[in-house]
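**Student:** I am attaching a structure below and will ask some questions about it afterwards.
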Amino acid sequence: MIKETQPKKIRIGWFSFSCCEDNTVVMTEVMNDHWQEWKKLFDFRHARVLKSVNTLDEMDIAFVEGAIASDKQAQELKEIRRLSKKLVAVGACAVMGMPSAQRNYFNENQQKQVEFLLARFSALPKVLKVSEVVPIDAEIPGCPMDPNDFLNKVNALVAEFQVDSASPPLAGGKS
Amino acid sequence: MHTFDLSLDRITKVEGSASLTVRVVDDKVEEVHFSIADFKRFYTQAMQGKPIIALPQLLARICGTCSNAHLLCSIEASERALGITPTPQTNLLRVLTMYGLMIRDHALHLYLFSMPDVFGRDSFLDFDENDPVQHQLLHDAFEIKAAGNFLATLIAGRSVHAPYPMIGGFSHFPDAAGIKEALTKLEAIRPAVLRLIDVWKDAPFHFDRKTNFMALVPERYGFLNGKICDNKGCLIEEQELRTHLERVVLPYSQASAYKHEGESYMVGSLARINLAKDRLHPKTRETLGKTLDLFPSTDIFQNNLAQAIEILHSVDDAQEILLNTQFNPEPIIKGTPQESVGVGVVEAPRGTLYHKYHLHPDGNVVEGEIVVPTGQNQINIEEDIHQLVQNLLPDTPKETITLEIEKLIRAYDPCMSCAAHFLKIDWREE
């Protein structure tokens with residue numbers, strides 16, 4: 001009997017920082033059409049929206065949504081960067097900081113209203129976009145991200161990791 | 001005798017970040033802190049000085065999953081401030097927008113977040129394709145979500161931060177081909193929705209602590225209009241809601257909490273079905289039969305069943321509206337800014353959502369306030385956990401207690417993204 005060799009799964013992380021998690025929702029909607037391929041292709045190492053037992057270890061691709069609002073978040077992001085071969089910033093808050101960074105542009109009166117809370121929760125003086133904390137390999141802008149743009153980027157990355165694999169590329173995604 | 005601190009750093013399979021600490025001294029629960037850990041993004045401040053027409057799209061960004069509920073609540077508050085009365089067609093398109101939201105958002109919670117607990121799996125994606133029941137549920141989940149997503153996209157332009165709904169009407173109208181396809185998809189998922197209802201009707205989880213519940217109750221079951229009712233028979237007009245809620249500061253949490261008449265209460269699907277099950281679509285009621293006798297209930301795990309029932313109602317009523325309505329382009333109704341206060345109240349998937357704006361005659365917002373469902377449920381969740389843990393002591397292992405707490409929190413379907421992003425202006429350090 002010939003044993004079928006299983007292609008090595010691509011190790012994925014999905015992380016949310018300060019944001020409304022709209023890209024997570026879009027990702028779960030993209031999943032409606034692609035979950036069967038993803039089950040075969042992806043090993044979700046860390047995705048709190050999908051599972052309880054999450055392991056922060058080596059990842060092929062880490063997707064990061066949201067802006068960075070505290071030093072603790074910045075440290076977490078640096079650890080994710082250290083562990084991932086590719087890091088993709090997804091959505092407007094990760095790519096450009098806004099709208100999560102709107103307090104960076106508050107006037108004096110608005111600043112006064114929020115400053116005690118920034119102190120209480122050890123928030124950073126300014127909210128940062130992801131690339132202000134760590135280098136990124138790709139970005140998917142949009143509020144929320146565009147599903148086809150996401151699929152195209154995922155396809156391109158999967159192709160990079162699949163050079164020696166027999167797995168077919170993902171369907172979908174338009175130029 | 002056991003004395004320990006139990007802490008859950010990040011609760012999984014919920015919207016956003018929440019953490020929990022429970023202090024037990026000599027087998028007695030001394031303290032429960034359910035805290036919302038998402039960082040505030042200060043939308044209450046950000047809206048100050050902004051043109052009112054910019055608010056719906058800005059405030060939709062409070063939450064990715066409840067986005068379209070915030071959008072419609074913001075539009076309602078803005079229209080009331082501007083003196084705009086929407087057309088009957090606009091109202092129907094908004095009803096359909098909410099149905100798309102309920103179908104896809106409840107399905108996300110019931111399948112991807114909560115169902116792994118029923119089948120003892122870590123993740124919904126771990127369900128076994130070779131097991132006939134789990135295979136069917138996997139396919140059902142994504143088919144239902146896709147139908148809700150399709151309906152939301154057809155009517156509102158997108159499931160998340162939808163572009164078509166606006167103050168005074170819609171900027172785009174569904175075409176005949178799209179309506180036909182939506183009807184086909186909605187009809188196709190009905191058997192899957194019935195299987196979903198059976199899963200939650202038969203689920204072995206129960207936790208019943210007598211508590212209060214509150215919801216917006218319309219004449220015909222829905223999520224946009226009506227009077228606010230509670231289990232004590234209280235009837236509150238939308239614009240009066242805030243005066244009936246007492247804000248409670250929990251210094252360890254990023255969110256505001258609320259009580260009503262000095263007591264905790266719950267909002268969400270269970271509250272809505274408890275208060276308005278007789279107003280569900282006739283086809284939904286006929287199909288459900290005696291299942292509806294399970295309500296009213298304060299067993300929080302019946303919130304899952306209530307959500308599944310709301311999916312069925314949304315499917316049945318959306319089909320009726322789509323079959324019987326001719327949608328024609330209509331112009332956007334414009335209003336005149338004046339010194340005014342506008343209040344919007346809608347039922348978001350997780351419960352009653354309140355937006356209030358003080359408008360200046362120059363068209364800019366002076367200040368505003370937002371009350372979200374998970375903030376209202378926060379104290380009720382803590383009181384439930386207190387009793388749940390007390391019931392499990394002293395013989396249950398800590399790992400089991402942790403799992404039971406997570407299951408209970410997930411039954412509420414809390415949304416931390418929503419809850420963490422406000423601040424009432426007069427909040428002071430204690």
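Identifiers in the structure tokens: chain A, B, ... in order shown; residue index from 1 per chain; ligand index from 1 in order shown.
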Name the residues in contact with B:Lys277 at a cut-off of 9 Å, using only C-alpha atoms, excluding same-chain residues fewer than 4 positions from it; report them as a list in words.
**Tutor:** Tyr221, Arg272, Ile273, Arg285, Leu292, Phe295 and Pro296 of chain B
**Student:** Those residues with C-alpha atoms, as a PDB file, in the first residue's frame please?
**Tutor:**
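Saved to part-v7.pdb:
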```pdb
ATOM      1  CA  TYR B 221     -40.776  41.117  15.623  1.00  0.00           C
ATOM      2  CA  ARG B 272     -36.065  39.695  22.901  1.00  0.00           C
ATOM      3  CA  ILE B 273     -37.566  36.211  22.521  1.00  0.00           C
ATOM      4  CA  ARG B 285     -43.989  30.324  14.999  1.00  0.00           C
ATOM      5  CA  LEU B 292     -41.384  28.454  21.994  1.00  0.00           C
ATOM      6  CA  PHE B 295     -39.543  30.934  26.842  1.00  0.00           C
ATOM      7  CA  PRO B 296     -39.552  33.141  28.855  1.00  0.00           C
TER       8      PRO B 296
END
```
**Student:** Running DSSP on the backbone, which parts of chain A land in helix (DSSP H, G or I), as a PyMOL selection string?
**Tutor:** chain A and resi 22-41+71-83+92-96+100-105+108-120+130-132+147-161
**Student:** At a cut-off of 12 Å, using only C-alpha atoms, what residues contact B:Ile103? Leave out same-chain residues fewer than 2 positions from it and give the result as a ChimeraX atom specification.
**Tutor:** /B:65-66,96-101,105-111,141-152,159,186,189-190,193,307-318,349
**Student:** Check stretch 223-326 of chain B with DSSP on the backbone and list each residue it calls strand (DSSP E), as a PyMOL selection string.
**Tutor:** chain B and resi 227-230+235-236+245-248+257-260+265-266
**Student:** Which neighbours of B:Asp413 fall inside 12 Å, counting only C-alpha atoms, when residues of the same chain fewer than 5 positions from it are skipped, and could you give them as a compact mmCIF listing (two decimals) with N, CA and C atoms, in the first residue's frame?
**Tutor:**
```txt
# COMPACT_ATOMS: atom_id res chain seq x y z
N ILE B 11 -9.96 35.60 27.13
CA ILE B 11 -11.01 34.63 26.82
C ILE B 11 -11.08 34.48 25.30
N THR B 12 -11.16 33.23 24.85
CA THR B 12 -11.11 32.99 23.39
C THR B 12 -12.52 32.82 22.82
N LYS B 13 -12.58 32.82 21.50
CA LYS B 13 -13.81 32.63 20.74
C LYS B 13 -14.91 33.58 21.20
N VAL B 14 -14.53 34.83 21.35
CA VAL B 14 -15.47 35.92 21.59
C VAL B 14 -15.00 37.09 20.71
N GLU B 15 -15.81 38.12 20.60
CA GLU B 15 -15.41 39.31 19.84
C GLU B 15 -14.57 40.20 20.75
N GLY B 16 -13.30 40.36 20.44
CA GLY B 16 -12.46 41.27 21.20
C GLY B 16 -11.80 40.61 22.39
N ALA B 18 -11.28 40.06 26.46
CA ALA B 18 -11.84 40.15 27.81
C ALA B 18 -11.00 39.28 28.72
N THR B 65 -18.14 43.56 13.89
CA THR B 65 -19.21 42.57 13.70
C THR B 65 -20.59 43.18 13.85
N CYS B 66 -20.77 44.13 14.76
CA CYS B 66 -22.08 44.79 14.93
C CYS B 66 -22.15 46.06 14.08
N ASP B 105 -24.20 37.12 11.76
CA ASP B 105 -23.54 37.33 13.05
C ASP B 105 -23.93 36.26 14.07
N HIS B 106 -25.21 35.93 14.15
CA HIS B 106 -25.62 34.84 15.05
C HIS B 106 -24.97 33.52 14.62
N ALA B 107 -24.87 33.29 13.30
CA ALA B 107 -24.26 32.04 12.83
C ALA B 107 -22.79 31.97 13.22
N LEU B 108 -22.10 33.09 13.11
CA LEU B 108 -20.69 33.13 13.53
C LEU B 108 -20.57 32.71 14.99
N HIS B 109 -21.42 33.27 15.82
CA HIS B 109 -21.36 32.95 17.26
C HIS B 109 -21.77 31.50 17.52
N LEU B 110 -22.89 31.08 16.93
CA LEU B 110 -23.43 29.76 17.29
C LEU B 110 -22.55 28.62 16.79
N TYR B 111 -21.99 28.76 15.59
CA TYR B 111 -21.16 27.67 15.05
C TYR B 111 -19.68 27.82 15.46
N LEU B 112 -19.09 28.96 15.13
CA LEU B 112 -17.62 29.06 15.30
C LEU B 112 -17.20 29.30 16.74
N PHE B 113 -18.03 30.04 17.52
CA PHE B 113 -17.62 30.34 18.88
C PHE B 113 -18.13 29.29 19.88
N SER B 114 -19.44 28.99 19.84
CA SER B 114 -20.05 28.20 20.91
C SER B 114 -20.18 26.70 20.62
N MET B 266 -30.16 41.64 31.75
CA MET B 266 -29.54 41.17 30.52
C MET B 266 -30.28 41.72 29.30
N VAL B 267 -29.51 41.91 28.24
CA VAL B 267 -30.10 42.27 26.95
C VAL B 267 -29.60 41.25 25.91
N GLY B 268 -30.29 41.19 24.78
CA GLY B 268 -29.86 40.27 23.72
C GLY B 268 -31.00 39.41 23.23
N SER B 269 -30.65 38.36 22.48
CA SER B 269 -31.68 37.52 21.86
C SER B 269 -32.63 36.91 22.87
N LEU B 270 -32.08 36.42 23.98
CA LEU B 270 -32.93 35.76 24.98
C LEU B 270 -33.97 36.76 25.52
N ILE B 300 -29.27 31.28 30.78
CA ILE B 300 -28.50 32.06 29.81
C ILE B 300 -28.09 31.21 28.60
N PHE B 301 -27.97 29.89 28.79
CA PHE B 301 -27.62 29.06 27.63
C PHE B 301 -28.75 29.01 26.60
N GLN B 302 -29.98 29.37 27.02
CA GLN B 302 -31.06 29.46 26.03
C GLN B 302 -30.89 30.67 25.12
N ASN B 303 -29.92 31.53 25.44
CA ASN B 303 -29.61 32.64 24.50
C ASN B 303 -29.15 32.07 23.16
N ASN B 304 -28.48 30.92 23.20
CA ASN B 304 -28.05 30.28 21.95
C ASN B 304 -29.26 29.86 21.12
N ALA B 306 -32.26 31.07 21.38
CA ALA B 306 -32.96 32.30 20.97
C ALA B 306 -32.31 32.90 19.73
N GLN B 307 -30.98 32.87 19.66
CA GLN B 307 -30.29 33.39 18.46
C GLN B 307 -30.64 32.54 17.23
N ALA B 348 -29.20 45.56 18.46
CA ALA B 348 -28.04 44.96 17.80
C ALA B 348 -28.11 43.45 18.08
N PRO B 349 -27.30 42.64 17.39
CA PRO B 349 -27.37 41.19 17.65
C PRO B 349 -27.29 40.85 19.14
N ARG B 350 -26.46 41.59 19.89
CA ARG B 350 -26.24 41.28 21.30
C ARG B 350 -27.13 42.07 22.24
N GLY B 351 -28.02 42.90 21.73
CA GLY B 351 -28.96 43.59 22.59
C GLY B 351 -29.11 45.07 22.28
N PRO B 373 -24.69 46.98 24.16
CA PRO B 373 -25.24 45.80 24.85
C PRO B 373 -24.27 45.17 25.86
N THR B 374 -23.02 44.97 25.47
CA THR B 374 -22.13 44.22 26.37
C THR B 374 -21.86 45.01 27.65
N ASN B 377 -24.70 44.13 29.83
CA ASN B 377 -24.65 42.74 30.34
C ASN B 377 -23.52 42.50 31.33
N GLN B 378 -22.59 43.44 31.44
CA GLN B 378 -21.35 43.17 32.17
C GLN B 378 -21.60 42.75 33.63
N ILE B 381 -23.20 39.32 33.86
CA ILE B 381 -22.20 38.27 33.61
C ILE B 381 -21.42 38.00 34.90
N GLU B 406 -15.92 29.91 30.81
CA GLU B 406 -15.80 30.35 29.40
C GLU B 406 -17.06 30.03 28.61
N LYS B 407 -17.63 28.85 28.86
CA LYS B 407 -18.86 28.47 28.16
C LYS B 407 -19.98 29.47 28.47
N LEU B 408 -20.07 29.83 29.75
CA LEU B 408 -21.13 30.74 30.16
C LEU B 408 -20.93 32.12 29.52
N CYS B 418 -17.15 46.55 20.87
CA CYS B 418 -18.15 47.59 21.14
C CYS B 418 -17.95 48.19 22.51
```
**Student:** Using only C-alpha atoms, which protein or nucleic acid residues come within 6 Å of stretch 212-220 of chain B? Drop anything in the same chain fewer than 2 positions from it, and give the result as JSON, numbers by chain.
**Tutor:** {"B": [225, 226, 227, 228, 229, 230, 231, 265, 266, 267, 271, 272, 279]}
**Student:** Taking only C-alpha atoms into account, name the residue in A:Val130, A:Val154, A:Ala47, A:Ile12 that is nearest to chain B.
**Tutor:** A:Ala47
**Student:** Using only C-alpha atoms and a cut-off of 6 Å, which residues of chain A sit close to chain B? Please list them as a PDB file with N, CA and C atoms, in the first residue's frame.
**Tutor:**
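Output file iface.pdb follows:
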```pdb
ATOM      1  N   SER A  18      -5.554  47.008  18.696  1.00  0.00           N
ATOM      2  CA  SER A  18      -6.607  47.997  18.941  1.00  0.00           C
ATOM      3  C   SER A  18      -7.365  48.324  17.656  1.00  0.00           C
ATOM      4  N   CYS A  20     -11.612  47.496  15.513  1.00  0.00           N
ATOM      5  CA  CYS A  20     -12.979  46.981  15.641  1.00  0.00           C
ATOM      6  C   CYS A  20     -13.078  45.543  15.135  1.00  0.00           C
ATOM      7  N   GLU A  21     -11.977  44.961  14.725  1.00  0.00           N
ATOM      8  CA  GLU A  21     -11.932  43.567  14.254  1.00  0.00           C
ATOM      9  C   GLU A  21     -12.796  43.332  13.013  1.00  0.00           C
ATOM     10  N   ASP A  22     -12.952  44.369  12.200  1.00  0.00           N
ATOM     11  CA  ASP A  22     -13.728  44.186  10.975  1.00  0.00           C
ATOM     12  C   ASP A  22     -13.034  43.235  10.007  1.00  0.00           C
ATOM     13  N   ASN A  32     -16.258  31.361   4.210  1.00  0.00           N
ATOM     14  CA  ASN A  32     -17.475  30.687   3.738  1.00  0.00           C
ATOM     15  C   ASN A  32     -17.206  29.893   2.460  1.00  0.00           C
ATOM     16  N   ARG A  48      -7.274  33.539  18.174  1.00  0.00           N
ATOM     17  CA  ARG A  48      -8.204  33.470  19.314  1.00  0.00           C
ATOM     18  C   ARG A  48      -9.659  33.467  18.874  1.00  0.00           C
ATOM     19  N   VAL A  49      -9.941  34.001  17.697  1.00  0.00           N
ATOM     20  CA  VAL A  49     -11.318  34.032  17.238  1.00  0.00           C
ATOM     21  C   VAL A  49     -11.793  32.641  16.815  1.00  0.00           C
ATOM     22  N   LEU A  50     -10.836  31.760  16.494  1.00  0.00           N
ATOM     23  CA  LEU A  50     -11.208  30.434  15.985  1.00  0.00           C
ATOM     24  C   LEU A  50     -11.018  29.312  16.990  1.00  0.00           C
ATOM     25  N   LYS A  51     -10.158  29.488  17.988  1.00  0.00           N
ATOM     26  CA  LYS A  51      -9.813  28.360  18.848  1.00  0.00           C
ATOM     27  C   LYS A  51      -9.368  28.814  20.230  1.00  0.00           C
ATOM     28  N   SER A  52      -9.401  27.872  21.186  1.00  0.00           N
ATOM     29  CA  SER A  52      -9.020  28.192  22.565  1.00  0.00           C
ATOM     30  C   SER A  52      -7.575  27.836  22.859  1.00  0.00           C
ATOM     31  N   SER A 100      -8.255  53.981  14.774  1.00  0.00           N
ATOM     32  CA  SER A 100      -7.918  53.740  16.174  1.00  0.00           C
ATOM     33  C   SER A 100      -7.009  54.812  16.753  1.00  0.00           C
TER      34      SER A 100
END
```
**Student:** By how many Å are atom CA of A:Asp137 and atom CA of A:Val53 apart?
**Tutor:** 26.9 Å
**Student:** Find the residues around B:Val389 up to 10 Å (only C-alpha atoms counted), leave out those fewer than 6 positions away in its own chain, and share them as JSON, numbers by chain.
**Tutor:** {"B": [22, 24, 27, 28, 29, 32, 396, 398, 401, 402, 404, 405]}
**Student:** Rank B:Met47, B:Leu288, B:Ile52, B:Ile84 by their smallest atom-to-atom distance to A:Arg103, using only C-alpha atoms, and report the top residue only.
**Tutor:**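 Ranking B:Met47, B:Leu288, B:Ile52, B:Ile84 by distance to A:Arg103, first place goes to B:Met47.
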**Student:** Could you work out how far atom CA of B:Pro204 lies from atom CA of B:Ala188, giving the answer in Å with one decimal?
**Tutor:**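 Taking atom CA of B:Ala188 and atom CA of B:Pro204, their separation equals 28.3 Å.
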**Student:** Contacts of A:Pro135 at 12 Å or less, counting only C-alpha atoms, minus same-chain residues fewer than 4 places along, as a list in words?
**Tutor:**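 Using only C-alpha atoms, the neighbours found are Leu77, Lys78, Ile80, Arg81, Arg82, Ser84, Lys85, Lys86, Leu87, Val88, Ala89, Val95, Lys129, Val130, Ser131 and Glu139 of chain A.
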